[in-house]
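Text of input02.cif (mmCIF, C-alpha atoms) as supplied:
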data_upload
#
loop_
_atom_site.label_atom_id
_atom_site.label_comp_id
_atom_site.auth_asym_id
_atom_site.auth_seq_id
_atom_site.Cartn_x
_atom_site.Cartn_y
_atom_site.Cartn_z
CA MET A 29 101.55 85.13 23.37
CA ALA A 30 103.24 83.38 26.28
CA SER A 31 104.27 86.66 27.83
CA SER A 32 100.77 88.09 27.67
CA LEU A 33 99.38 84.99 29.35
CA ARG A 34 101.86 85.47 32.17
CA GLU A 35 100.97 89.13 32.40
CA LEU A 36 97.27 88.37 32.60
CA ARG A 37 97.82 85.84 35.35
CA GLN A 38 100.00 88.26 37.24
CA ARG A 39 97.38 90.97 37.09
CA ARG A 40 94.70 88.58 38.19
CA LYS A 41 96.81 87.61 41.15
CA SER A 42 97.39 91.20 42.20
CA VAL A 43 93.70 92.07 41.86
CA ALA A 44 92.85 89.01 43.93
CA SER A 45 95.14 90.10 46.74
CA THR A 46 93.67 93.62 46.64
CA GLN A 47 90.25 92.04 46.86
CA LYS A 48 91.33 90.14 49.94
CA ILE A 49 92.35 93.40 51.58
CA THR A 50 89.21 95.30 50.71
CA ARG A 51 87.09 92.34 51.75
CA ALA A 52 88.86 92.23 55.11
CA MET A 53 88.39 95.99 55.57
CA GLU A 54 84.73 95.66 54.71
CA LEU A 55 84.28 92.98 57.34
CA ILE A 56 86.20 94.95 59.94
CA ALA A 57 84.10 98.05 59.27
CA ALA A 58 80.94 95.97 59.40
CA SER A 59 81.82 94.54 62.78
CA ARG A 60 82.87 97.87 64.27
CA ILE A 61 79.99 99.85 62.94
CA ILE A 62 77.56 98.00 65.17
CA LYS A 63 79.51 99.14 68.19
CA ALA A 64 79.88 102.69 66.91
CA HIS A 65 76.22 102.87 66.03
CA ARG A 66 75.24 101.65 69.47
CA ALA A 67 77.56 104.16 71.11
CA ALA A 68 75.99 106.92 69.02
CA GLU A 69 72.53 105.78 70.05
CA GLN A 70 73.41 105.48 73.71
CA GLY A 71 74.90 108.94 73.72
CA GLU A 72 71.66 110.41 72.48
CA PRO A 73 69.56 110.55 75.67
CA PHE A 74 72.22 112.61 77.36
CA ILE A 75 72.32 115.23 74.67
CA THR A 76 68.53 115.41 74.32
CA GLU A 77 68.05 115.81 78.08
CA LEU A 78 70.79 118.40 78.16
CA ILE A 79 69.25 120.35 75.32
CA ARG A 80 65.93 120.31 77.16
CA ALA A 81 67.54 121.67 80.29
CA VAL A 82 69.62 124.27 78.48
CA SER A 83 66.59 125.41 76.51
CA ALA A 84 64.63 125.65 79.73
CA VAL A 85 67.22 127.88 81.32
CA ALA A 86 67.65 129.92 78.19
CA THR A 87 63.93 130.37 77.77
CA TYR A 88 62.98 131.08 81.35
CA SER A 89 65.84 133.13 82.64
CA ASN A 90 66.53 136.61 81.42
CA ASP A 91 70.07 136.71 82.57
CA GLU A 92 72.68 137.84 80.17
CA HIS A 93 74.99 134.93 79.76
CA PRO A 94 77.49 134.19 77.00
CA LEU A 95 75.77 130.85 76.50
CA THR A 96 72.55 132.40 75.36
CA SER A 97 73.15 135.95 74.24
CA SER A 98 74.72 136.49 70.87
CA PRO A 99 76.98 139.45 70.32
CA GLU A 100 75.63 142.30 68.21
CA LYS A 101 78.08 141.62 65.47
CA VAL A 102 79.82 138.35 64.77
CA ARG A 103 83.32 139.12 63.59
CA ARG A 104 85.18 135.90 64.06
CA VAL A 105 83.89 132.35 64.28
CA ALA A 106 85.43 129.00 65.09
CA MET A 107 84.78 126.20 62.63
CA LEU A 108 85.24 122.66 63.89
CA VAL A 109 85.54 120.15 61.05
CA ILE A 110 85.35 116.46 61.85
CA THR A 111 86.81 114.05 59.31
CA SER A 112 88.54 110.70 59.34
CA ASP A 113 92.17 109.84 59.97
CA ARG A 114 92.51 107.48 57.07
CA GLY A 115 91.21 107.13 53.56
CA MET A 116 89.27 104.15 52.19
CA ASN A 117 86.04 105.78 53.32
CA GLY A 118 84.61 106.69 49.97
CA ALA A 119 83.53 110.32 49.91
CA TYR A 120 83.10 110.62 53.68
CA SER A 121 85.87 113.11 54.43
CA ALA A 122 85.51 114.92 51.12
CA ASN A 123 81.83 115.57 51.81
CA ALA A 124 82.50 116.96 55.27
CA ILE A 125 85.25 119.20 53.91
CA LYS A 126 82.97 120.36 51.10
CA THR A 127 80.30 121.33 53.60
CA ALA A 128 82.91 123.17 55.65
CA THR A 129 84.11 125.04 52.59
CA ARG A 130 80.58 126.12 51.73
CA LEU A 131 80.03 127.38 55.26
CA ARG A 132 83.35 129.21 55.24
CA GLU A 133 82.58 130.87 51.92
CA ARG A 134 79.19 131.98 53.15
CA LEU A 135 80.65 133.39 56.35
CA GLU A 136 83.49 135.11 54.55
CA ARG A 137 81.06 136.73 52.16
CA GLU A 138 79.40 138.21 55.23
CA GLY A 139 82.76 139.58 56.27
CA VAL A 140 83.35 137.16 59.10
CA GLU A 141 86.77 135.80 59.82
CA VAL A 142 86.90 132.01 60.13
CA VAL A 143 89.26 130.21 62.48
CA ARG A 144 89.77 126.53 61.71
CA TYR A 145 89.76 123.62 64.12
CA ALA A 146 90.37 120.26 62.53
CA VAL A 147 89.70 116.74 63.75
CA GLY A 148 91.12 113.87 61.70
CA ARG A 149 94.18 113.72 59.48
CA LYS A 150 92.18 114.20 56.28
CA ALA A 151 91.02 117.68 57.25
CA ILE A 152 94.46 118.60 58.54
CA ALA A 153 96.12 117.44 55.33
CA TYR A 154 93.55 119.28 53.23
CA MET A 155 94.08 122.57 55.04
CA ASN A 156 97.84 122.24 55.23
CA PHE A 157 98.04 121.55 51.52
CA ARG A 158 96.12 124.74 50.80
CA ALA A 159 98.20 126.65 53.32
CA GLN A 160 95.12 127.48 55.39
CA PRO A 161 96.00 128.21 58.98
CA ILE A 162 94.66 125.77 61.58
CA ARG A 163 94.38 126.97 65.13
CA ARG A 164 94.04 123.61 66.83
CA HIS A 165 93.90 120.10 65.51
CA TRP A 166 93.39 116.62 66.87
CA GLU A 167 93.94 113.25 65.28
CA GLY A 168 94.15 109.56 65.96
CA PHE A 169 90.67 108.75 67.28
CA SER A 170 88.30 109.35 64.40
CA ASP A 171 86.82 105.85 64.46
CA SER A 172 86.65 105.32 68.22
CA PRO A 173 86.33 108.61 70.08
CA THR A 174 86.06 108.72 73.87
CA PHE A 175 84.46 111.34 76.04
CA ALA A 176 87.91 112.53 77.08
CA HIS A 177 88.60 113.51 73.47
CA ALA A 178 85.34 115.41 73.28
CA GLN A 179 86.18 117.15 76.51
CA GLU A 180 89.60 118.20 75.26
CA ILE A 181 88.17 119.64 72.07
CA ALA A 182 85.25 121.30 73.82
CA ASP A 183 87.45 122.89 76.46
CA ALA A 184 89.69 124.38 73.77
CA LEU A 185 86.63 125.77 71.99
CA ILE A 186 85.14 127.20 75.17
CA ALA A 187 88.43 128.83 76.10
CA ASP A 188 88.48 130.62 72.76
CA PHE A 189 84.81 131.49 73.03
CA MET A 190 85.40 133.10 76.40
CA THR A 191 88.43 135.05 75.21
CA PRO A 192 87.66 138.63 74.14
CA TYR A 193 87.70 139.31 70.42
CA ASP A 194 90.75 141.52 70.61
CA ASP A 195 92.80 138.72 72.16
CA GLY A 196 91.94 136.32 69.39
CA GLY A 197 88.68 135.03 70.80
CA VAL A 198 85.71 133.94 68.70
CA ASP A 199 82.11 135.15 68.74
CA ALA A 200 80.52 131.90 67.63
CA ILE A 201 81.33 128.25 67.18
CA TYR A 202 80.20 126.11 64.27
CA GLY A 203 80.60 122.36 64.10
CA ILE A 204 80.66 120.30 60.92
CA TYR A 205 79.98 116.62 61.39
CA THR A 206 78.42 113.77 59.47
CA ARG A 207 75.11 112.58 60.73
CA MET A 208 74.37 108.90 60.64
CA GLU A 209 70.87 108.79 59.21
CA SER A 210 71.02 105.09 58.47
CA MET A 211 73.49 102.51 57.24
CA LEU A 212 72.90 103.82 53.73
CA THR A 213 72.69 107.57 54.20
CA GLN A 214 75.08 109.80 56.02
CA THR A 215 74.76 113.52 55.53
CA PRO A 216 77.34 116.11 56.48
CA ARG A 217 75.85 118.90 58.55
CA ALA A 218 76.94 122.30 59.73
CA ARG A 219 75.49 123.42 63.05
CA ARG A 220 76.04 126.37 65.30
CA LEU A 221 77.18 125.27 68.74
CA LEU A 222 77.40 128.58 70.49
CA PRO A 223 75.71 130.88 71.10
CA LEU A 224 72.74 128.63 71.56
CA GLU A 225 70.40 128.05 68.69
CA ILE A 226 67.07 127.79 70.39
CA VAL A 227 65.18 125.52 70.69
CA GLU A 228 64.89 121.83 70.05
CA GLY A 229 62.55 119.74 72.15
CA VAL A 230 60.80 122.50 74.01
CA HIS A 231 57.30 123.13 72.80
CA GLU A 232 55.73 126.52 72.75
CA PRO A 233 53.30 126.89 75.63
CA GLY A 234 49.76 126.64 74.39
CA GLU A 235 46.82 128.87 75.24
CA GLY A 236 46.20 128.94 78.97
CA GLU A 237 49.23 126.82 79.75
CA ILE A 238 51.48 128.10 82.47
CA LEU A 239 55.18 128.29 81.87
CA PRO A 240 57.09 126.28 84.42
CA LEU A 241 59.07 128.76 86.42
CA TYR A 242 62.27 127.08 87.32
CA GLU A 243 63.77 127.44 90.70
CA PHE A 244 67.52 127.60 90.29
CA GLU A 245 69.83 126.28 92.87
CA PRO A 246 72.05 127.95 93.92
CA ASP A 247 71.27 130.64 91.29
CA PRO A 248 70.77 130.88 87.51
CA GLU A 249 74.27 132.18 86.98
CA THR A 250 75.91 129.18 88.62
CA VAL A 251 73.61 126.74 86.90
CA LEU A 252 74.47 128.24 83.53
CA ASP A 253 78.16 128.25 84.33
CA ALA A 254 77.95 124.55 85.09
CA LEU A 255 75.78 123.87 82.06
CA LEU A 256 77.90 125.63 79.47
CA PRO A 257 80.93 123.34 79.46
CA MET A 258 78.75 120.28 79.82
CA TYR A 259 76.60 121.33 76.93
CA VAL A 260 79.50 122.01 74.59
CA ARG A 261 81.26 118.81 75.60
CA SER A 262 78.25 116.67 75.04
CA ARG A 263 77.56 118.36 71.72
CA VAL A 264 81.12 117.70 70.55
CA TRP A 265 80.84 114.18 71.92
CA PHE A 266 77.64 113.69 69.94
CA TYR A 267 79.33 114.99 66.79
CA LEU A 268 82.30 112.68 67.27
CA LEU A 269 80.09 109.65 67.82
CA GLN A 270 77.91 110.41 64.83
CA SER A 271 80.93 111.04 62.66
CA ALA A 272 82.63 107.84 63.77
CA ALA A 273 79.56 105.79 62.95
CA SER A 274 79.18 107.54 59.59
CA GLN A 275 82.82 106.99 58.81
CA LEU A 276 82.57 103.27 59.40
CA ALA A 277 79.32 103.01 57.46
CA SER A 278 80.78 104.78 54.48
CA GLN A 279 83.95 102.73 54.77
CA GLN A 280 81.95 99.55 54.69
CA ARG A 281 80.09 100.72 51.61
CA ALA A 282 83.22 101.88 49.82
CA MET A 283 85.02 98.65 50.57
CA LYS A 284 82.07 96.59 49.47
CA SER A 285 81.99 98.25 46.08
CA ALA A 286 85.77 97.90 45.82
CA THR A 287 85.43 94.19 46.52
CA ASP A 288 82.66 93.87 43.94
CA ASN A 289 84.75 95.68 41.36
CA ALA A 290 87.71 93.45 42.09
CA LYS A 291 85.50 90.41 41.64
CA GLN A 292 84.36 91.61 38.21
CA LEU A 293 87.91 92.41 37.22
CA ILE A 294 89.09 88.97 38.27
CA GLU A 295 86.35 87.36 36.22
CA ARG A 296 87.34 89.31 33.16
CA LEU A 297 91.02 88.63 33.59
CA THR A 298 90.40 84.93 34.14
CA ARG A 299 88.42 84.78 30.93
CA GLU A 300 91.12 86.58 28.99
CA ALA A 301 93.78 84.36 30.46
CA ASN A 302 91.84 81.24 29.53
CA GLN A 303 91.39 82.56 26.03
CA ALA A 304 95.10 83.25 25.74
CA ARG A 305 95.93 79.81 27.04
CA GLN A 306 93.51 78.20 24.62
CA ALA A 307 94.98 80.19 21.77
CA GLU A 308 98.43 79.02 22.73
CA ILE A 309 97.34 75.39 22.76
CA THR A 310 95.57 75.74 19.43
CA GLN A 311 98.65 77.28 17.94
CA GLU A 312 100.83 74.49 19.26
CA ILE A 313 98.51 71.85 17.87
CA SER A 314 98.38 73.48 14.47
CA GLU A 315 102.15 73.72 14.49
CA ILE A 316 102.47 70.01 15.30
CA VAL A 317 99.88 69.05 12.73
CA GLY A 318 101.57 71.27 10.16
CA GLY A 319 104.95 69.81 10.97
CA ALA A 320 103.65 66.24 10.82
CA SER A 321 101.93 66.73 7.51
CA ALA A 322 105.07 68.36 6.10
CA LEU A 323 107.04 65.30 7.22
CA ALA A 324 104.43 62.99 5.72
CA ASP A 325 104.56 64.92 2.44
CA ALA A 326 108.31 64.67 2.39
CA ALA A 327 108.14 60.92 3.03
CA ALA A 328 105.57 60.43 0.26
CA GLN A 329 107.79 62.21 -2.26
CA ASP A 330 110.72 59.95 -1.48
CA MET B 9 50.10 114.73 97.18
CA ALA B 10 47.34 113.12 95.24
CA GLU B 11 47.15 109.34 95.21
CA GLY B 12 48.90 107.75 92.26
CA ASP B 13 51.26 110.59 91.56
CA VAL B 14 54.68 109.34 90.61
CA LEU B 15 57.88 110.77 89.29
CA PHE B 16 59.38 109.70 86.00
CA VAL B 17 63.05 109.51 86.63
CA ASP B 18 65.80 109.46 84.04
CA VAL B 19 69.41 109.10 85.11
CA VAL B 20 71.64 109.70 82.12
CA ALA B 21 75.40 109.55 81.80
CA ALA B 22 77.35 110.78 78.81
CA ASP B 23 77.72 107.32 77.35
CA ARG B 24 74.43 105.68 78.26
CA ARG B 25 71.14 105.82 80.11
CA VAL B 26 71.91 104.48 83.56
CA TRP B 27 68.48 104.15 85.07
CA GLU B 28 64.97 105.02 84.05
CA GLY B 29 61.66 104.35 85.67
CA GLU B 30 58.92 105.48 88.00
CA ALA B 31 59.77 106.59 91.48
CA LEU B 32 58.17 107.89 94.65
CA SER B 33 61.04 110.13 95.65
CA VAL B 34 64.50 111.21 94.63
CA ILE B 35 67.23 112.52 96.90
CA VAL B 36 70.30 114.23 95.49
CA ARG B 37 73.01 116.44 96.88
CA THR B 38 73.26 119.88 95.32
CA MET B 39 75.82 122.57 95.91
CA GLU B 40 73.71 123.82 98.78
CA GLY B 41 72.92 120.50 100.41
CA ASP B 42 70.61 117.54 100.06
CA ILE B 43 67.36 118.04 98.25
CA GLY B 44 64.47 115.63 98.21
CA ILE B 45 62.05 115.56 95.33
CA LEU B 46 58.51 114.27 95.77
CA PRO B 47 55.80 114.17 93.11
CA ASN B 48 54.41 117.58 92.14
CA HIS B 49 57.59 119.32 93.12
CA GLU B 50 58.05 122.76 91.67
CA PRO B 51 60.36 123.02 88.65
CA VAL B 52 63.98 123.04 89.77
CA LEU B 53 67.31 123.12 88.06
CA ALA B 54 70.16 122.48 90.45
CA VAL B 55 73.85 121.82 90.17
CA LEU B 56 74.99 118.61 91.83
CA VAL B 57 78.19 117.79 93.65
CA PRO B 58 79.91 114.39 93.41
CA SER B 59 77.75 112.21 95.61
CA ALA B 60 75.28 109.37 95.70
CA ALA B 61 71.79 109.99 94.42
CA GLU B 62 68.99 107.96 95.92
CA VAL B 63 65.84 106.91 94.13
CA LEU B 64 62.93 105.24 95.90
CA THR B 65 61.26 103.30 93.15
CA ARG B 66 57.56 102.73 92.82
CA ASP B 67 57.76 99.15 94.04
CA GLY B 68 59.55 100.24 97.18
CA LYS B 69 63.07 99.39 96.12
CA ARG B 70 65.98 101.72 96.67
CA GLU B 71 68.40 102.56 93.89
CA VAL B 72 71.63 104.28 94.76
CA ILE B 73 73.52 105.89 91.91
CA ALA B 74 76.94 107.51 92.01
CA VAL B 75 77.16 110.77 90.07
CA ASP B 76 80.28 112.88 89.58
CA GLY B 77 78.50 116.19 89.47
CA GLY B 78 76.19 117.33 86.70
CA PHE B 79 72.73 118.57 87.54
CA ILE B 80 69.14 117.68 88.16
CA ALA B 81 66.16 119.07 86.28
CA VAL B 82 62.64 118.71 87.62
CA SER B 83 59.48 119.79 85.87
CA ASP B 84 56.04 118.29 85.49
CA ASN B 85 56.90 115.22 87.57
CA ARG B 86 59.77 114.49 85.22
CA VAL B 87 63.14 114.24 86.91
CA SER B 88 66.32 114.08 84.87
CA VAL B 89 69.64 113.58 86.55
CA LEU B 90 72.41 114.38 84.11
CA SER B 91 75.99 113.61 84.86
CA GLN B 92 79.02 112.98 82.76
CA TYR B 93 79.58 109.84 84.75
CA ALA B 94 77.00 107.78 86.63
CA ARG B 95 77.03 104.24 87.96
CA LEU B 96 74.53 102.14 89.86
CA ALA B 97 75.74 101.22 93.33
CA HIS B 98 75.71 97.50 92.68
CA GLU B 99 78.05 98.02 89.74
CA ILE B 100 80.63 99.56 92.01
CA SER B 101 83.38 97.74 93.79
CA LEU B 102 84.14 99.31 97.15
CA ASN B 103 87.77 98.23 97.13
CA GLU B 104 88.37 99.64 93.69
CA ALA B 105 86.77 102.94 94.59
CA GLU B 106 88.87 103.25 97.73
CA HIS B 107 91.98 102.43 95.76
CA GLU B 108 91.11 105.03 93.13
CA LEU B 109 90.43 107.65 95.75
CA ARG B 110 93.81 107.05 97.38
CA GLU B 111 95.51 107.33 94.00
CA ALA B 112 93.74 110.57 93.16
CA GLN B 113 94.44 112.04 96.57
CA LYS B 114 98.09 111.11 96.26
CA LEU B 115 98.32 112.84 92.90
CA ARG B 116 96.60 115.87 94.34
CA ASN B 117 98.91 116.05 97.29
CA GLU B 118 101.80 115.96 94.89
CA GLY B 119 100.45 119.16 93.42
CA ASP B 120 98.76 117.69 90.36
CA ASN B 121 95.73 119.88 89.92
CA SER B 122 94.75 118.90 86.41
CA ASP B 123 91.17 118.38 85.32
CA ALA B 124 91.74 114.68 84.82
CA THR B 125 92.89 114.19 88.40
CA ARG B 126 90.03 116.21 89.76
CA GLN B 127 87.61 114.18 87.71
CA HIS B 128 89.14 110.98 89.00
CA HIS B 129 88.88 112.22 92.50
CA ASP B 130 85.26 113.26 92.08
CA ARG B 131 84.33 109.92 90.60
CA ALA B 132 86.00 108.01 93.39
CA VAL B 133 84.26 110.15 96.00
CA ALA B 134 80.91 109.57 94.34
CA GLN B 135 81.43 105.83 94.06
CA LEU B 136 82.49 105.56 97.65
CA ALA B 137 79.49 107.53 98.83
CA ALA B 138 77.17 105.35 96.78
CA ALA B 139 78.75 102.11 97.95
CA LYS B 140 78.46 103.16 101.58
CA LYS B 141 74.91 104.36 101.19
CA ALA B 142 73.88 101.14 99.50
CA ASP B 143 75.45 99.10 102.32
CA SER B 144 73.78 101.08 105.06
CA ALA B 145 70.31 100.21 103.82
#

In structure tokens, what does this structure look like?
Amino acid sequence: MASSLRELRQRRKSVASTQKITRAMELIAASRIIKAHRAAEQGEPFITELIRAVSAVATYSNDEHPLTSSPEKVRRVAMLVITSDRGMNGAYSANAIKTATRLRERLEREGVEVVRYAVGRKAIAYMNFRAQPIRRHWEGFSDSPTFAHAQEIADALIADFMTPYDDGGVDAIYGIYTRMESMLTQTPRARRLLPLEIVEGVHEPGEGEILPLYEFEPDPETVLDALLPMYVRSRVWFYLLQSAASQLASQQRAMKSATDNAKQLIERLTREANQARQAEITQEISEIVGGASALADAAAQD
Amino acid sequence: MAEGDVLFVDVVAADRRVWEGEALSVIVRTMEGDIGILPNHEPVLAVLVPSAAEVLTRDGKREVIAVDGGFIAVSDNRVSVLSQYARLAHEISLNEAEHELREAQKLRNEGDNSDATRQHHDRAVAQLAAAKKADSA
């Protein structure tokens, strides 16, 4: 009995220290998510304005440009998967990877080769474990990305996009990220980055409305050349920001439920320990009483 | 120009919206030189060079904004200036900008032609231009 009481107390202690850790992580995530969420929100005007401009060029210029024209047959695509560097995020990384797997299976059924680009240690570990080749990977900034990171990733993607197919280039780029819908919902999404998927934010011209004919300076070609890297960078930047905010949100939720579970466990263990202690005391008392009455009996017989 | 026509200007950097409001005119420097935008300007999409953009606001104030490139889109009296990096002139310290420019130029002279250095250089040039422009007013 004594040993089990000690065991119970030991377990309670260890659960309590785990609870302290998860509680701390929950608080950390909660404080950082505000910042990440704000960053994600502040990054939004840039991407919306950029999409407007890109759509305008794409819609109103007939120039053949890699940004807007898709090849006749897509043979190889780049798949950028954004996950977290560390665990303790609930199903955050797993969901993103699942979405990526679905996309890859769909593409491979269509006979398209998929080249992997991974962001975050979770995706890298997942692919390495399954011996799936990764062309490029980045890690170490999943919860606080900067624009420089986005630029690095985007430039690598653009370089491959511009490379001819025969030299290992890709015909399209897909990005998988987790969109921060709210503090409670984050949904993984797969989106095509390039060639452009027209058209968000530009409304169809109504009856009698005149299409604005853009004047390009110096010329459409140059404008598109300047737009392309900016567009991809800001898209990747947007994905990173959204993913970072989602990661923190799902971490906070996961850690909160871990803390709650720990609390329940502690309650149960405390109760069991008290019971064990009480049982021990009762046993001791009954032993003393038994011993005393035996002594009294012996004395009476004398 | 009809009375009451104004431009709705949006200056957006990658990490935030830098300035937004109504304006009477906007002056930016494109690859081909300075361009001034007044209300009812024809739709334009132009590539910018690192420089200082100037916005004459509706209440007659002048806003100078450093941009490190990017572009300007005009249509329907809506002007968007998009740049990876943009700062309002009064947020800029002249000394710091000069210091940064010297650093970047030094790196360049040493043969460092990386994107990061070029970006640094562009930003410093833009900040300097904006700081000077703001002072000259």

For this session: Identify all chain B residues at most 6 Å from chain A by counting all atoms listed in the file; ligands do not count. Present them as a PyMOL selection string.
Result: chain B and resi 20+22-24+51-55

For the selection just defined, write its residues with C-alpha atoms to a file, as an mmCIF file, in the coordinates of the input.
data_model
loop_
_atom_site.group_PDB
_atom_site.id
_atom_site.type_symbol
_atom_site.label_atom_id
_atom_site.label_comp_id
_atom_site.auth_asym_id
_atom_site.auth_seq_id
_atom_site.Cartn_x
_atom_site.Cartn_y
_atom_site.Cartn_z
ATOM 1 C CA VAL B 20 71.640 109.700 82.120
ATOM 2 C CA ALA B 22 77.350 110.780 78.810
ATOM 3 C CA ASP B 23 77.720 107.320 77.350
ATOM 4 C CA ARG B 24 74.430 105.680 78.260
ATOM 5 C CA PRO B 51 60.360 123.020 88.650
ATOM 6 C CA VAL B 52 63.980 123.040 89.770
ATOM 7 C CA LEU B 53 67.310 123.120 88.060
ATOM 8 C CA ALA B 54 70.160 122.480 90.450
ATOM 9 C CA VAL B 55 73.850 121.820 90.170
#

For this session: Run the PyMOL selection byres ((chain A and resi 125) around 10) against the file shown and list the residues it catches, as a list in words.
Result: Val109, Ile110, Thr111, Ala119, Tyr120, Ser121, Ala122, Asn123, Ala124, Lys126, Thr127, Ala128, Thr129, Arg130, Leu131, Lys150, Ala151, Tyr154, Met155, Ile204, Tyr205 and Pro216 of chain A

For this session: Taking the file as shown, find all residues satisfying the PyMOL selection byres ((chain B and resi 108) around 12) and write them as a ChimeraX atom specification.
Result: /B:100-107,109-115,125-136

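Point (77.6, 108.0, 64.7) has the following residues at most 6 Å away: His65, Ala68, Met208, Leu269, Gln270, Ser271, Ala272, Ala273 and Ser274 of chain A (atoms considered: only C-alpha atoms).
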
For this session: Tell me which residues the PyMOL selection byres ((chain A and resi 38-45) around 10) grabs here, as a ChimeraX atom specification.
Result: /A:32-37,46-51,287,289-291,293-298,301

For this session: Could you tell me how far CA of Gly77 in chain B lies from CA of Leu96 in chain B, in Å and to one decimal?
Result: 14.6 Å

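In this model, the gap between CA of Glu62 in chain B and CA of Asp13 in chain B comes to 18.4 Å.
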
Show me, as JSON, the centre and edge lengths in Å to one decimal of the axis-aligned box that covers every listed atom of range 73-90 of chain B with 3 Å on each side.
{"center_x": 68.2, "center_y": 112.8, "center_z": 88.1, "size_x": 30.2, "size_y": 19.9, "size_z": 13.9}

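Taking CA of Leu222 in chain A and CA of Ala200 in chain A as endpoints, the distance between them is 5.4 Å.
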